[in-house]
file protein-v3.cif (mmCIF, C-alpha atoms)
data_run
#
loop_
_atom_site.label_atom_id
_atom_site.label_comp_id
_atom_site.auth_asym_id
_atom_site.auth_seq_id
_atom_site.Cartn_x
_atom_site.Cartn_y
_atom_site.Cartn_z
CA MET A 1377 -38.95 -68.68 -18.83
CA TYR A 1378 -37.00 -71.92 -18.70
CA ALA A 1379 -37.98 -75.59 -18.43
CA ILE A 1380 -34.96 -77.23 -16.79
CA LEU A 1381 -35.22 -80.97 -17.20
CA ASP A 1382 -33.54 -84.33 -17.11
CA ILE A 1383 -34.61 -87.57 -18.77
CA GLU A 1384 -33.57 -91.15 -18.05
CA THR A 1385 -34.04 -93.69 -20.84
CA THR A 1386 -33.96 -97.41 -21.56
CA GLY A 1387 -30.79 -97.16 -23.63
CA GLY A 1388 -30.61 -99.03 -26.92
CA LYS A 1389 -30.40 -98.09 -30.57
CA TYR A 1390 -30.44 -94.44 -31.65
CA ASN A 1391 -34.02 -93.05 -31.75
CA GLU A 1392 -35.39 -96.33 -30.40
CA GLU A 1393 -34.88 -95.42 -26.74
CA GLY A 1394 -37.85 -95.00 -24.42
CA ILE A 1395 -38.22 -92.65 -21.47
CA THR A 1396 -38.16 -94.26 -18.02
CA GLU A 1397 -38.17 -91.12 -15.87
CA ILE A 1398 -38.60 -87.39 -16.42
CA ALA A 1399 -38.23 -84.36 -14.15
CA ILE A 1400 -39.13 -80.85 -15.35
CA TYR A 1401 -38.77 -77.68 -13.28
CA LYS A 1402 -40.24 -74.48 -14.68
CA TYR A 1403 -37.84 -71.70 -13.70
CA ASP A 1404 -38.41 -67.99 -14.21
CA GLY A 1405 -34.77 -67.05 -13.78
CA HIS A 1406 -35.15 -66.59 -10.04
CA GLN A 1407 -37.25 -69.41 -8.61
CA ILE A 1408 -39.08 -72.62 -9.50
CA VAL A 1409 -42.71 -71.80 -10.36
CA ASP A 1410 -43.93 -75.26 -11.42
CA GLN A 1411 -42.67 -78.82 -11.63
CA PHE A 1412 -43.52 -82.21 -13.06
CA ILE A 1413 -41.80 -85.45 -12.02
CA SER A 1414 -42.80 -88.94 -13.07
CA LEU A 1415 -41.59 -92.44 -13.76
CA VAL A 1416 -42.64 -93.55 -17.25
CA ASN A 1417 -43.50 -97.00 -18.57
CA PRO A 1418 -41.41 -97.23 -21.78
CA GLU A 1419 -43.20 -100.37 -22.96
CA LYS A 1420 -39.82 -101.95 -23.76
CA GLU A 1421 -36.97 -103.56 -21.86
CA ILE A 1422 -34.33 -101.46 -20.13
CA GLN A 1423 -30.72 -102.20 -21.03
CA GLU A 1424 -28.90 -103.98 -18.20
CA PHE A 1425 -26.12 -101.38 -17.94
CA VAL A 1426 -28.79 -98.65 -17.58
CA VAL A 1427 -30.43 -100.56 -14.71
CA LYS A 1428 -27.07 -100.66 -12.92
CA LEU A 1429 -26.46 -96.97 -13.60
CA THR A 1430 -29.88 -95.58 -12.58
CA GLY A 1431 -31.34 -98.28 -10.38
CA ILE A 1432 -34.55 -98.14 -12.45
CA ASN A 1433 -35.84 -101.53 -13.61
CA ASN A 1434 -38.91 -102.67 -15.56
CA LYS A 1435 -40.64 -103.96 -12.43
CA MET A 1436 -40.61 -100.43 -10.97
CA LEU A 1437 -42.29 -99.09 -14.11
CA ARG A 1438 -45.02 -101.69 -14.49
CA ASN A 1439 -47.72 -99.38 -13.10
CA ALA A 1440 -46.15 -96.09 -14.21
CA PRO A 1441 -47.98 -93.94 -16.79
CA LYS A 1442 -47.11 -94.41 -20.45
CA PHE A 1443 -45.75 -91.43 -22.36
CA TYR A 1444 -49.04 -90.59 -24.11
CA GLU A 1445 -50.65 -90.23 -20.67
CA ILE A 1446 -48.21 -87.49 -19.59
CA ALA A 1447 -47.62 -85.85 -22.99
CA LYS A 1448 -50.20 -83.07 -22.46
CA ARG A 1449 -48.63 -82.08 -19.13
CA ILE A 1450 -45.19 -81.89 -20.74
CA VAL A 1451 -46.52 -79.65 -23.50
CA GLU A 1452 -48.20 -77.37 -20.94
CA ILE A 1453 -45.28 -76.99 -18.53
CA THR A 1454 -42.77 -76.30 -21.33
CA GLN A 1455 -45.00 -73.89 -23.29
CA ASP A 1456 -43.15 -70.64 -24.14
CA CYS A 1457 -40.03 -71.97 -22.38
CA PHE A 1458 -36.48 -72.65 -23.36
CA ILE A 1459 -35.61 -76.28 -22.73
CA VAL A 1460 -32.50 -76.27 -20.51
CA ALA A 1461 -30.58 -79.48 -19.94
CA HIS A 1462 -27.07 -80.81 -19.49
CA ASN A 1463 -26.47 -82.10 -23.02
CA ALA A 1464 -29.74 -80.60 -24.25
CA ASN A 1465 -29.43 -82.19 -27.69
CA PHE A 1466 -29.95 -85.63 -26.13
CA ASP A 1467 -32.95 -84.75 -23.92
CA TYR A 1468 -34.64 -82.70 -26.64
CA ARG A 1469 -34.11 -85.46 -29.24
CA ILE A 1470 -35.65 -88.03 -26.89
CA LEU A 1471 -38.69 -85.80 -26.26
CA ARG A 1472 -39.20 -85.09 -29.95
CA THR A 1473 -38.90 -88.79 -30.78
CA GLU A 1474 -41.60 -89.66 -28.23
CA PHE A 1475 -43.89 -86.93 -29.57
CA ASP A 1476 -43.21 -87.99 -33.16
CA ARG A 1477 -44.55 -91.44 -32.26
CA LEU A 1478 -47.78 -89.70 -31.21
CA GLY A 1479 -47.92 -87.69 -34.42
CA TYR A 1480 -47.30 -84.38 -32.63
CA ALA A 1481 -44.69 -81.85 -33.80
CA TYR A 1482 -43.01 -80.80 -30.55
CA LYS A 1483 -40.77 -77.75 -31.04
CA ARG A 1484 -38.94 -75.73 -28.43
CA ASN A 1485 -35.78 -73.62 -28.31
CA THR A 1486 -32.97 -75.12 -26.24
CA LEU A 1487 -30.05 -74.07 -24.05
CA CYS A 1488 -27.33 -76.57 -23.21
CA THR A 1489 -25.48 -76.20 -19.89
CA VAL A 1490 -22.59 -78.25 -21.28
CA SER A 1491 -21.98 -75.68 -24.04
CA LEU A 1492 -22.59 -72.75 -21.69
CA SER A 1493 -20.23 -74.11 -19.03
CA LYS A 1494 -17.48 -74.67 -21.61
CA LYS A 1495 -17.74 -70.97 -22.52
CA LEU A 1496 -18.23 -69.54 -19.02
CA ILE A 1497 -16.23 -72.04 -16.90
CA PRO A 1498 -13.44 -73.14 -19.29
CA GLU A 1499 -11.07 -73.85 -16.39
CA SER A 1500 -13.11 -76.86 -15.20
CA PRO A 1501 -11.17 -80.10 -15.85
CA SER A 1502 -14.40 -81.77 -16.99
CA HIS A 1503 -17.83 -80.56 -18.08
CA SER A 1504 -19.77 -83.70 -17.22
CA LEU A 1505 -22.53 -82.84 -14.74
CA GLY A 1506 -21.09 -84.78 -11.80
CA LYS A 1507 -17.51 -83.55 -12.13
CA LEU A 1508 -18.56 -79.99 -12.91
CA CYS A 1509 -20.77 -79.84 -9.81
CA LYS A 1510 -17.92 -81.21 -7.69
CA PHE A 1511 -15.58 -78.57 -9.12
CA LEU A 1512 -18.11 -75.82 -8.29
CA GLY A 1513 -19.08 -77.17 -4.86
CA ILE A 1514 -22.68 -77.83 -5.95
CA PRO A 1515 -24.12 -80.66 -3.84
CA MET A 1516 -25.71 -83.58 -5.71
CA SER A 1517 -28.02 -86.37 -4.61
CA ASP A 1518 -29.68 -89.17 -6.59
CA ARG A 1519 -27.06 -89.03 -9.35
CA HIS A 1520 -28.32 -90.52 -12.65
CA ARG A 1521 -31.92 -90.07 -11.52
CA ALA A 1522 -34.02 -87.43 -13.23
CA THR A 1523 -34.87 -85.39 -10.11
CA GLY A 1524 -31.33 -85.32 -8.71
CA ASP A 1525 -29.73 -84.39 -12.04
CA ALA A 1526 -32.38 -81.76 -12.86
CA LEU A 1527 -32.01 -80.06 -9.46
CA ALA A 1528 -28.22 -79.99 -9.88
CA THR A 1529 -28.71 -78.50 -13.36
CA ILE A 1530 -30.85 -75.72 -11.84
CA GLN A 1531 -28.04 -74.77 -9.43
CA LEU A 1532 -25.52 -74.90 -12.28
CA PHE A 1533 -27.76 -72.78 -14.52
CA LYS A 1534 -28.16 -70.16 -11.76
CA LEU A 1535 -24.38 -69.90 -11.51
CA LEU A 1536 -24.00 -69.69 -15.30
CA ILE A 1537 -26.52 -66.81 -15.42
CA ASP A 1538 -24.48 -65.00 -12.74
CA LYS A 1539 -21.26 -65.58 -14.69
CA ASP A 1540 -22.83 -64.40 -17.95
CA VAL A 1541 -21.72 -60.79 -17.51
CA GLU A 1542 -22.57 -59.95 -21.13
CA LYS A 1543 -26.18 -61.11 -20.49
CA LYS A 1544 -26.23 -63.22 -23.65
CA ILE A 1545 -28.46 -65.92 -22.11
CA ILE A 1546 -31.27 -63.59 -21.07
CA GLN A 1547 -31.04 -61.46 -24.22
CA GLN A 1548 -31.30 -64.56 -26.41
CA SER A 1549 -34.32 -65.90 -24.55
CA ILE A 1550 -36.17 -62.56 -24.76
CA LYS A 1551 -35.45 -62.27 -28.48
CA TYR A 1552 -37.16 -65.59 -29.14
CA PHE A 1553 -40.08 -65.16 -26.77
CA ASP A 1554 -41.47 -61.66 -27.15
CA ASN A 1555 -45.12 -61.99 -26.14
CA ARG A 1556 -46.24 -58.40 -26.59
CA HIS A 1557 -49.75 -57.09 -25.99
CA GLU A 1558 -49.46 -53.33 -26.46
CA LYS A 1559 -52.54 -52.41 -24.45
CA PHE A 1560 -51.33 -54.13 -21.28
CA ARG A 1561 -47.61 -53.82 -21.97
CA PHE A 1562 -46.54 -51.66 -19.01
CA GLN A 1563 -48.83 -53.33 -16.49
CA ARG A 1564 -47.67 -56.77 -17.61
CA ILE A 1565 -44.04 -55.68 -17.21
CA LEU A 1566 -44.61 -54.24 -13.73
CA ASP A 1567 -46.55 -57.30 -12.61
CA SER A 1568 -43.54 -59.47 -13.44
CA LEU A 1569 -41.15 -57.49 -11.19
CA PRO A 1570 -40.44 -57.96 -7.47
CA GLU A 1571 -40.45 -55.37 -4.72
CA LYS A 1572 -36.88 -56.29 -3.81
CA GLU A 1573 -33.41 -54.80 -4.07
CA GLY A 1574 -31.68 -55.36 -7.38
CA ILE A 1575 -30.87 -54.32 -10.91
CA PHE A 1576 -33.28 -54.19 -13.84
CA TYR A 1577 -32.60 -54.41 -17.56
CA VAL A 1578 -34.82 -52.82 -20.20
CA HIS A 1579 -34.90 -54.81 -23.46
CA ASN A 1580 -36.10 -53.84 -26.93
CA ASN A 1581 -37.89 -56.22 -29.28
CA GLU A 1582 -34.58 -57.82 -30.31
CA GLY A 1583 -33.79 -58.67 -26.69
CA THR A 1584 -30.97 -56.10 -26.60
CA ILE A 1585 -30.46 -54.30 -23.28
CA ILE A 1586 -31.02 -50.58 -23.93
CA PHE A 1587 -31.11 -49.32 -20.32
CA ILE A 1588 -29.99 -50.54 -16.89
CA GLY A 1589 -31.53 -49.30 -13.65
CA ARG A 1590 -31.18 -50.17 -9.96
CA GLY A 1591 -32.79 -49.64 -6.59
CA LYS A 1592 -34.04 -51.03 -3.30
CA ASN A 1593 -37.37 -51.82 -4.97
CA VAL A 1594 -37.07 -52.99 -8.58
CA LYS A 1595 -40.79 -52.65 -9.33
CA GLN A 1596 -40.95 -49.12 -7.88
CA GLU A 1597 -37.85 -47.94 -9.75
CA THR A 1598 -39.15 -49.34 -13.06
CA ASN A 1599 -42.49 -47.60 -12.52
CA LYS A 1600 -40.63 -44.32 -11.87
CA LEU A 1601 -38.85 -44.77 -15.20
CA PHE A 1602 -42.17 -45.30 -17.01
CA LEU A 1603 -43.55 -42.08 -15.50
CA LYS A 1604 -40.62 -39.88 -16.53
CA GLU A 1605 -41.02 -37.39 -19.36
CA THR A 1606 -37.41 -36.59 -20.16
CA ARG A 1607 -36.31 -37.01 -23.76
CA LYS A 1608 -34.18 -40.07 -23.04
CA ALA A 1609 -36.79 -41.71 -20.81
CA LEU A 1610 -39.45 -41.32 -23.52
CA LYS A 1611 -37.14 -43.06 -26.00
CA VAL A 1612 -36.68 -45.96 -23.57
CA ILE A 1613 -40.44 -46.18 -22.90
CA LYS A 1614 -41.21 -46.23 -26.62
CA ARG A 1615 -38.83 -49.14 -27.23
CA VAL A 1616 -39.33 -51.30 -24.13
CA THR A 1617 -40.61 -54.81 -24.76
CA LYS A 1618 -39.47 -56.59 -21.62
CA VAL A 1619 -37.79 -55.80 -18.32
CA SER A 1620 -35.69 -58.52 -16.75
CA TYR A 1621 -34.08 -58.22 -13.34
CA GLU A 1622 -31.55 -59.64 -10.93
CA GLU A 1623 -32.03 -59.58 -7.19
CA THR A 1624 -28.78 -58.63 -5.46
CA GLY A 1625 -29.65 -59.04 -1.79
CA ASN A 1626 -27.70 -56.01 -0.58
CA MET A 1627 -26.70 -52.47 -1.53
CA LEU A 1628 -23.00 -53.26 -2.06
CA PHE A 1629 -23.73 -55.89 -4.72
CA THR A 1630 -26.30 -53.57 -6.33
CA ARG A 1631 -23.73 -50.79 -6.72
CA LEU A 1632 -20.93 -53.11 -7.78
CA LYS A 1633 -22.87 -55.04 -10.42
CA TYR A 1634 -24.63 -51.92 -11.70
CA HIS A 1635 -21.45 -49.96 -12.42
CA LEU A 1636 -19.52 -52.96 -13.76
CA GLU A 1637 -22.37 -53.84 -16.12
CA LEU A 1638 -22.74 -50.25 -17.33
CA GLU A 1639 -19.06 -50.34 -18.30
CA LYS A 1640 -19.35 -53.79 -19.88
CA LEU A 1641 -22.67 -53.47 -21.73
CA ARG A 1642 -22.80 -49.69 -22.31
CA PRO A 1643 -26.59 -49.58 -22.94
CA LYS A 1644 -27.70 -47.00 -25.48
CA TYR A 1645 -29.82 -44.86 -23.15
CA ASN A 1646 -27.72 -44.85 -19.97
CA ILE A 1647 -25.53 -41.86 -19.16
CA ILE A 1648 -22.15 -43.28 -18.15
CA ARG A 1649 -20.04 -40.82 -16.21
CA LYS A 1650 -16.34 -41.35 -15.67
CA ARG A 1651 -15.64 -42.14 -12.02
CA LYS A 1652 -12.64 -40.98 -10.03
CA ILE A 1653 -10.57 -44.09 -9.30
CA THR A 1654 -9.31 -44.53 -5.73
CA ASP A 1655 -5.60 -44.86 -5.05
CA LYS A 1656 -6.17 -46.19 -1.52
CA ASN A 1657 -5.73 -49.83 -0.57
CA PHE A 1658 -7.98 -52.08 1.49
CA ASN A 1659 -7.07 -52.54 5.15
CA HIS A 1660 -6.17 -56.18 4.45
CA ASP A 1661 -4.49 -57.60 1.35
CA ASP A 1662 -6.38 -60.92 1.34
CA MET A 1663 -9.95 -61.18 2.63
CA LEU A 1664 -13.54 -62.15 2.04
CA ILE A 1665 -16.23 -59.47 2.21
CA ILE A 1666 -19.45 -61.23 3.18
CA ASP A 1667 -22.91 -59.67 3.20
CA LYS A 1668 -26.49 -60.92 3.12
CA GLY A 1669 -27.61 -62.76 0.00
CA ARG A 1670 -30.86 -62.94 -1.95
CA THR A 1671 -32.41 -65.47 0.45
CA PRO A 1672 -31.99 -65.92 4.23
CA GLU A 1673 -29.70 -68.95 3.82
CA GLU A 1674 -27.47 -67.31 1.19
CA HIS A 1675 -24.34 -65.15 1.48
CA ALA A 1676 -22.99 -62.62 -1.02
CA VAL A 1677 -19.20 -62.95 -1.15
CA ILE A 1678 -16.41 -60.85 -2.67
CA LEU A 1679 -12.84 -62.19 -2.77
CA ILE A 1680 -9.97 -59.73 -2.33
CA GLU A 1681 -6.52 -61.11 -3.17
CA LYS A 1682 -3.26 -59.12 -3.03
CA ASN A 1683 -5.40 -55.98 -2.56
CA GLU A 1684 -7.24 -56.58 -5.84
CA VAL A 1685 -10.88 -57.54 -6.36
CA VAL A 1686 -10.86 -61.03 -7.87
CA GLY A 1687 -14.61 -61.60 -8.24
CA TYR A 1688 -17.96 -62.09 -6.54
CA THR A 1689 -20.47 -64.89 -6.05
CA TYR A 1690 -23.30 -66.18 -3.87
CA THR A 1691 -22.83 -69.14 -1.53
CA ASN A 1692 -25.26 -71.19 0.54
CA LEU A 1693 -22.85 -73.66 2.12
CA ALA A 1694 -20.09 -72.86 4.62
CA PHE A 1695 -17.54 -75.10 2.91
CA GLN A 1696 -17.89 -73.06 -0.29
CA GLU A 1697 -16.48 -70.08 1.64
CA ASN A 1698 -13.93 -72.09 3.64
CA GLN A 1699 -12.48 -73.89 0.61
CA ILE A 1700 -10.90 -71.10 -1.42
CA PRO A 1701 -10.30 -73.22 -4.59
CA ILE A 1702 -14.03 -74.09 -4.68
CA LEU A 1703 -14.97 -70.47 -4.01
CA LYS A 1704 -12.74 -69.30 -6.86
CA SER A 1705 -14.45 -71.69 -9.28
CA MET A 1706 -17.80 -70.11 -8.39
CA LEU A 1707 -16.68 -66.50 -8.78
CA THR A 1708 -17.85 -64.18 -11.49
CA PRO A 1709 -14.46 -62.68 -12.42
CA ILE A 1710 -14.05 -58.91 -12.53
CA GLU A 1711 -12.17 -57.36 -15.45
CA ASN A 1712 -12.26 -53.72 -14.38
CA LYS A 1713 -10.51 -54.23 -11.05
CA GLU A 1714 -9.79 -50.54 -10.44
CA LEU A 1715 -13.46 -49.59 -10.82
CA ALA A 1716 -14.55 -52.48 -8.58
CA LYS A 1717 -12.02 -51.51 -5.92
CA THR A 1718 -13.23 -47.89 -6.01
CA ILE A 1719 -16.89 -48.88 -5.59
CA ILE A 1720 -16.19 -51.34 -2.77
CA LYS A 1721 -13.75 -49.03 -0.96
CA ASN A 1722 -16.16 -46.07 -1.11
CA TYR A 1723 -19.01 -48.26 0.13
CA LEU A 1724 -17.03 -49.62 3.10
CA LEU A 1725 -16.08 -46.10 4.20
CA LYS A 1726 -19.74 -45.31 4.95
CA ASN A 1727 -21.50 -48.66 5.32
CA LYS A 1728 -21.18 -51.94 7.18
CA VAL A 1729 -21.30 -55.47 5.79
CA SER A 1730 -22.15 -58.70 7.62
CA LYS A 1731 -18.50 -59.62 8.16
CA ILE A 1732 -14.99 -59.40 6.77
CA VAL A 1733 -12.82 -62.51 7.00
CA ARG A 1734 -9.05 -62.07 6.83
CA LEU A 1735 -7.31 -64.80 4.85
CA GLN A 1736 -3.90 -66.18 5.71
CA VAL A 1737 -1.15 -66.19 3.07
CA GLU A 1738 -0.62 -69.91 3.62
CA ASN A 1739 -4.01 -70.56 2.06
CA ASN A 1740 -2.13 -70.44 -1.26
CA LEU A 1741 -3.62 -67.15 -2.21
#
call {"tool": "encode", "arguments": {"input": "protein-v3.cif", "output": "structure tokens"}}
result
Amino acid sequence: MYAILDIETTGGKYNEEGITEIAIYKYDGHQIVDQFISLVNPEKEIQEFVVKLTGINNKMLRNAPKFYEIAKRIVEITQDCFIVAHNANFDYRILRTEFDRLGYAYKRNTLCTVSLSKKLIPESPSHSLGKLCKFLGIPMSDRHRATGDALATIQLFKLLIDKDVEKKIIQQSIKYFDNRHEKFRFQRILDSLPEKEGIFYVHNNEGTIIFIGRGKNVKQETNKLFLKETRKALKVIKRVTKVSYEETGNMLFTRLKYHLELEKLRPKYNIIRKRKITDKNFNHDDMLIIDKGRTPEEHAVILIEKNEVVGYTYTNLAFQENQIPILKSMLTPIENKELAKTIIKNYLLKNKVSKIVRLQVENNL
């Protein structure tokens, strides 16, 4: 579970700043499940340059709650969560400073989207939130306000999770927050899973992925695994602590991500068979394969360039598909291009997708 947040402050000397606005969105890796947004009376003057930057002035905060009045809600909404923020060291330091003033030891693990984006999107010319979102085609509103910046950080974090093909983010978070209750372990796991198409990942108590499964109904497929009595299945069942999942939205993305991740992660209890690689080309050298996404307004997109699979992503705005440079910045790149081509080609021989868009060579592909 993640608490994705943004904080605006008064500015001023180090560790003497006060919070003027806070927005926290509790995110389960798939959707927002809770939120808390509030202006805050810092009980001190706001620096003039901060007023110009955020538009927040002391007059606006005169009747806002003071930090001690919202402290309990912040503790509750971030309980058992990773704090996620763009430059998390700053936001976490500000929160801890405020709690220190109340005599409360506030401790949470953190994930920084600046650090993650530098690792997963190194090609971006800048990793500031505004410029990074522009590079990725993520729309922003209310820049330098807590709500606008936090919502943009959610969209960025979603993309970073998609690009994290080694699953380091989710494995790290499960390692730190393993809330086991043996008696209700399997029911608790099943209750956390959706009845939707996707891929599921079985983790041990270190957070390591030990098995990957897939299906049209993630909950049903996981339950089938728990009911198996084969030697390997029993080993998985004995070691399972948590099952995470990714909705894929369609069968093509399920097959593609499943086989690519088996090759990449090579979980201990999966049987990985060598596939026969196709020697046939696509009908078009340069094209977009577009299918339904995880939500009604979303598309799942694969970019084919010079008859090779470049990568895949999800889009929810038409200009992200029409502007190829923006689309490329959003892609999760594919290393095993021959395997990806084989999976996609075999799928298209027997199945339909929403549409295929031919791309012209003059698009600088």
call {"tool": "residues_around", "arguments": {"input": "protein-v3.cif", "residues": "range 1529-1543 of chain A", "least_positions_apart": "6", "cutoff": "7 Å", "atoms": "all atoms listed in the file", "output": "mmCIF file with C-alpha atoms, keeping the file's coordinate frame"}}
result
data_model
loop_
_atom_site.group_PDB
_atom_site.id
_atom_site.type_symbol
_atom_site.label_atom_id
_atom_site.label_comp_id
_atom_site.auth_asym_id
_atom_site.auth_seq_id
_atom_site.Cartn_x
_atom_site.Cartn_y
_atom_site.Cartn_z
ATOM 1 C CA ILE A 1380 -34.960 -77.230 -16.790
ATOM 2 C CA ALA A 1461 -30.580 -79.480 -19.940
ATOM 3 C CA HIS A 1462 -27.070 -80.810 -19.490
ATOM 4 C CA THR A 1489 -25.480 -76.200 -19.890
ATOM 5 C CA SER A 1493 -20.230 -74.110 -19.030
ATOM 6 C CA LEU A 1496 -18.230 -69.540 -19.020
ATOM 7 C CA LEU A 1641 -22.670 -53.470 -21.730
ATOM 8 C CA THR A 1708 -17.850 -64.180 -11.490
#
call {"tool": "resolve_selection", "arguments": {"input": "protein-v3.cif", "expression": "the PyMOL selection byres ((chain A and resi 1395) around 10)", "output": "PyMOL selection string"}}
result
chain A and resi 1383-1387+1393-1394+1396-1398+1415-1420+1422+1442-1443+1467+1470-1471+1474
call {"tool": "residues_near_point", "arguments": {"input": "protein-v3.cif", "point": "(-6.2, -53.5, -4.8)", "cutoff": "10 Å", "atoms": "all atoms listed in the file", "output": "list in words"}}
result
Thr1654, Asp1655, Lys1656, Asn1657, Phe1658, His1660, Asp1661, Asp1662, Ile1680, Glu1681, Lys1682, Asn1683, Glu1684, Val1685, Val1686, Lys1713, Glu1714, Ala1716, Lys1717, Thr1718 and Lys1721 of chain A
call {"tool": "write_last_selection", "arguments": {"input": "protein-v3.cif", "atoms": "C-alpha atoms", "output": "mmCIF file, keeping the file's coordinate frame"}}
result
data_model
loop_
_atom_site.group_PDB
_atom_site.id
_atom_site.type_symbol
_atom_site.label_atom_id
_atom_site.label_comp_id
_atom_site.auth_asym_id
_atom_site.auth_seq_id
_atom_site.Cartn_x
_atom_site.Cartn_y
_atom_site.Cartn_z
ATOM 1 C CA THR A 1654 -9.310 -44.530 -5.730
ATOM 2 C CA ASP A 1655 -5.600 -44.860 -5.050
ATOM 3 C CA LYS A 1656 -6.170 -46.190 -1.520
ATOM 4 C CA ASN A 1657 -5.730 -49.830 -0.570
ATOM 5 C CA PHE A 1658 -7.980 -52.080 1.490
ATOM 6 C CA HIS A 1660 -6.170 -56.180 4.450
ATOM 7 C CA ASP A 1661 -4.490 -57.600 1.350
ATOM 8 C CA ASP A 1662 -6.380 -60.920 1.340
ATOM 9 C CA ILE A 1680 -9.970 -59.730 -2.330
ATOM 10 C CA GLU A 1681 -6.520 -61.110 -3.170
ATOM 11 C CA LYS A 1682 -3.260 -59.120 -3.030
ATOM 12 C CA ASN A 1683 -5.400 -55.980 -2.560
ATOM 13 C CA GLU A 1684 -7.240 -56.580 -5.840
ATOM 14 C CA VAL A 1685 -10.880 -57.540 -6.360
ATOM 15 C CA VAL A 1686 -10.860 -61.030 -7.870
ATOM 16 C CA LYS A 1713 -10.510 -54.230 -11.050
ATOM 17 C CA GLU A 1714 -9.790 -50.540 -10.440
ATOM 18 C CA ALA A 1716 -14.550 -52.480 -8.580
ATOM 19 C CA LYS A 1717 -12.020 -51.510 -5.920
ATOM 20 C CA THR A 1718 -13.230 -47.890 -6.010
ATOM 21 C CA LYS A 1721 -13.750 -49.030 -0.960
#
call {"tool": "closest_residue", "arguments": {"input": "protein-v3.cif", "among": "A:Lys1728, A:Ile1647, A:His1675, A:Ile1497", "to": "Ala1694 in chain A", "atoms": "all atoms listed in the file"}}
result
A:His1675
call {"tool": "resolve_selection", "arguments": {"input": "protein-v3.cif", "expression": "the PyMOL selection byres ((chain A and resi 1499-1504) around 12)", "output": "MDAnalysis selection string"}}
result
chainID A and resid 1461:1463 1488:1498 1505:1513 1519:1520 1525 1528:1529 1532 1701:1702 1704:1707
call {"tool": "atom_distance", "arguments": {"input": "protein-v3.cif", "atom1": "CA of Glu1697 in chain A", "atom2": "CA of Ile1666 in chain A"}}
result
9.5 Å
call {"tool": "atom_distance", "arguments": {"input": "protein-v3.cif", "atom1": "CA of Tyr1482 in chain A", "atom2": "CA of Val1460 in chain A"}}
result
15.2 Å
call {"tool": "resolve_selection", "arguments": {"input": "protein-v3.cif", "expression": "the PyMOL selection byres ((chain A and resi 1668) around 10)", "output": "number ranges by chain"}}
result
A: 1624-1629, 1666-1667, 1669-1677, 1690, 1729-1731
call {"tool": "axis_aligned_box", "arguments": {"input": "protein-v3.cif", "around": "range 1445-1463 of chain A", "padding_each_side": "6 Å", "output": "lines of an AutoDock Vina configuration file"}}
result
center_x = -38.6
center_y = -80.4
center_z = -21.3
size_x = 36.2
size_y = 31.6
size_z = 17.6
call {"tool": "closest_atom_pairs", "arguments": {"input": "protein-v3.cif", "of": "range 1508-1606 of chain A", "to": "range 1615-1618 of chain A", "cutoff": "6 Å", "atoms": "all atoms listed in the file", "output": "Markdown table"}}
result
| residue | atom | partner | partner_atom | distance |
| --- | --- | --- | --- | --- |
| A:His1579 | CA | A:Lys1618 | CA | 5.2 |
| A:Asn1580 | CA | A:Val1616 | CA | 5.0 |
| A:Asn1581 | CA | A:Thr1617 | CA | 5.5 |
call {"tool": "atom_distance", "arguments": {"input": "protein-v3.cif", "atom1": "CA of Pro1643 in chain A", "atom2": "CA of Lys1614 in chain A"}}
result
15.4 Å
call {"tool": "residues_around", "arguments": {"input": "protein-v3.cif", "residues": "Lys1640 in chain A", "least_positions_apart": "3", "cutoff": "12 Å", "atoms": "only C-alpha atoms", "output": "CSV table (one decimal) with C-alpha atoms, in the frame of the given file"}}
result
chain,number,residue,atom,x,y,z
A,1540,ASP,CA,-22.8,-64.4,-18.0
A,1541,VAL,CA,-21.7,-60.8,-17.5
A,1542,GLU,CA,-22.6,-60.0,-21.1
A,1543,LYS,CA,-26.2,-61.1,-20.5
A,1585,ILE,CA,-30.5,-54.3,-23.3
A,1588,ILE,CA,-30.0,-50.5,-16.9
A,1633,LYS,CA,-22.9,-55.0,-10.4
A,1634,TYR,CA,-24.6,-51.9,-11.7
A,1635,HIS,CA,-21.4,-50.0,-12.4
A,1636,LEU,CA,-19.5,-53.0,-13.8
A,1637,GLU,CA,-22.4,-53.8,-16.1
A,1643,PRO,CA,-26.6,-49.6,-22.9
A,1648,ILE,CA,-22.2,-43.3,-18.2
A,1710,ILE,CA,-14.0,-58.9,-12.5
A,1711,GLU,CA,-12.2,-57.4,-15.4
A,1712,ASN,CA,-12.3,-53.7,-14.4
A,1715,LEU,CA,-13.5,-49.6,-10.8
call {"tool": "closest_residue", "arguments": {"input": "protein-v3.cif", "among": "A:Thr1630, A:Thr1430, A:Asn1727, A:Gln1699", "to": "Gly1524 in chain A", "atoms": "all atoms listed in the file"}}
result
A:Thr1430
call {"tool": "residues_around", "arguments": {"input": "protein-v3.cif", "residues": "Phe1412 in chain A", "least_positions_apart": "5", "cutoff": "7 Å", "atoms": "only C-alpha atoms", "output": "list in words"}}
result
Ala1399, Ile1400 and Tyr1401 of chain A
call {"tool": "residues_near_point", "arguments": {"input": "protein-v3.cif", "point": "(-46.1, -52.9, -14.7)", "cutoff": "10 Å", "atoms": "all atoms listed in the file", "output": "list in words"}}
result
Phe1560, Arg1561, Phe1562, Gln1563, Arg1564, Ile1565, Leu1566, Asp1567, Ser1568, Leu1569, Lys1595, Gln1596, Thr1598, Asn1599, Phe1602 and Val1619 of chain A
